[in-house]
Amino acid sequence: RIYTANNNPDADPVKYRIAGRNMSGANVNFRINGSCWRINDSMRINPATCDSSSLRQRFYMNDLGEIRVKSHPGLCLDPRYGMGTGYGGNVMITCFSDLYGSNHEDARIHKFTFDPSTEQLQSVLYSGYCIDYEFNLGYVWMHGCHDGQNQQFYFTGNFDDTIENSWTLIKQGDLPWISEFDRNPLGVAVSSTYENGDENLYHMEVKFYDNTMPYQEYQIRFPELRNPDSLQLQFSEIELPGLLLDEGEYVPTEA
């Protein structure tokens with residue numbers, strides 16, 4: 001259910017694609033002892049007993065090479081704080097790609113690469129420096145890359161968040177056509193219900209009752225806009241009411 005913006009009809013979506021998946025991310029295991037990364041209250045990474053259900057232990061690398069964690073959306077692992085023991089290890093801070101845009105020069109600070117042959121996570125900013133487990137101090141930091149097991153990590157789950165086959169297609173197709181003149185005014189609250197959209201505002205809605213599989217994450221894409229040459233996607237509000245299932249009808253399990 002999508003409500004049109006107050007202007008720029010060229011940026012209206014005309015096609016949609018909805019997919020779902022169960023818990024993404026992965027446990028990052030220390031090769032040296034089999035324990036797992038866990039983000040603590042100081043936003044640093046410490047070893048912990050592996051728990052696949054803990055969002056504090058579900059890490060992933062996106063297509064920018066940023067290392068993020070499910071428990072704290074918007075945070076990225078920053079290698080600068082791990083370049084010396086005085087900082088107490090690598091810290092997760094607000095992602096610069098979110099603050100300034102993915103093409104900003106500072107976004108490079110949070111980029112890493114993973115080499116499956118060496119099992120090392122290397123900083124792009126600090127070439128030749130890898131994430132290292134300082135087991136005497138109990139945290140991860142940055143150190144010159146070497147072949148020691150305290151720089152080797154393996155994953156239980158999908159650490160690579162760019163893998164498209166982790167998503168299951170739910171539905172795709174055309175959105176109901178709406179006139180380019182059907183614009184919604186600024187500053188007007190949406191008054192909708194689970195069953196129906198706001199009848200006083202212009203909106204598009206598609207319903208598909210055949211999907212009864214609940215997922216833990218959803219992905220919504222708009223592959224086509226009213227003007228195919230538009231560089232913007234724009235709408236005022238989006239709603240995903242979902243489908244109500246009877247209690248006990250479906251019990252989700254870990255994928």
# chains A, B, ... in the order shown; residues from 1 in each chain; ligands from 1
>>> residues_around(residues="range 146-154 of chain A", least_positions_apart="6", cutoff="6 Å", atoms="only C-alpha atoms", output="PyMOL selection string")
chain A and resi 28-32+119-120+132-133
>>> closest_atom_pairs(of="range 29-52 of chain A", to="range 68-81 of chain A", cutoff="12 Å", atoms="only C-alpha atoms", output="JSON lines")
{"residue": "A:Trp37", "atom": "CA", "partner": "A:Val69", "partner_atom": "CA", "distance": 10.2}
{"residue": "A:Arg38", "atom": "CA", "partner": "A:Val69", "partner_atom": "CA", "distance": 9.2}
{"residue": "A:Ile39", "atom": "CA", "partner": "A:Val69", "partner_atom": "CA", "distance": 8.0}
{"residue": "A:Asn40", "atom": "CA", "partner": "A:Ser71", "partner_atom": "CA", "distance": 10.5}
{"residue": "A:Asp41", "atom": "CA", "partner": "A:His72", "partner_atom": "CA", "distance": 10.8}
{"residue": "A:Met43", "atom": "CA", "partner": "A:Leu75", "partner_atom": "CA", "distance": 9.0}
{"residue": "A:Arg44", "atom": "CA", "partner": "A:Leu77", "partner_atom": "CA", "distance": 8.7}
{"residue": "A:Ile45", "atom": "CA", "partner": "A:Leu77", "partner_atom": "CA", "distance": 9.1}
{"residue": "A:Ser52", "atom": "CA", "partner": "A:Lys70", "partner_atom": "CA", "distance": 11.6}
>>> write_last_selection(atoms="C-alpha atoms", output="short mmCIF file (atom, residue, chain, number, x, y, z; two decimals), in the first residue's frame")
data_model
loop_
_atom_site.label_atom_id
_atom_site.label_comp_id
_atom_site.auth_asym_id
_atom_site.auth_seq_id
_atom_site.Cartn_x
_atom_site.Cartn_y
_atom_site.Cartn_z
CA TRP A 37 32.06 -12.55 17.77
CA ARG A 38 29.62 -10.66 19.98
CA ILE A 39 29.07 -6.91 20.13
CA ASN A 40 29.17 -5.73 23.74
CA ASP A 41 27.64 -2.66 25.38
CA MET A 43 30.19 -1.40 20.83
CA ARG A 44 33.34 -3.54 20.71
CA ILE A 45 33.75 -7.14 19.60
CA SER A 52 22.80 -18.38 16.45
#
>>> select_by_dssp(residues="range 25-228 of chain A", states="helix (DSSP H, G or I)", output="ChimeraX atom specification")
/A:55-57,79-82,85-87,96-100,105-110,149-151,164-166
>>> atom_distance(atom1="CA of His104 in chain A", atom2="CA of Asp161 in chain A")
21.3 Å
>>> closest_residue(among="A:Phe181, A:Glu66, A:Val124, A:Ile220", to="Asp98 in chain A", atoms="only C-alpha atoms")
A:Glu66
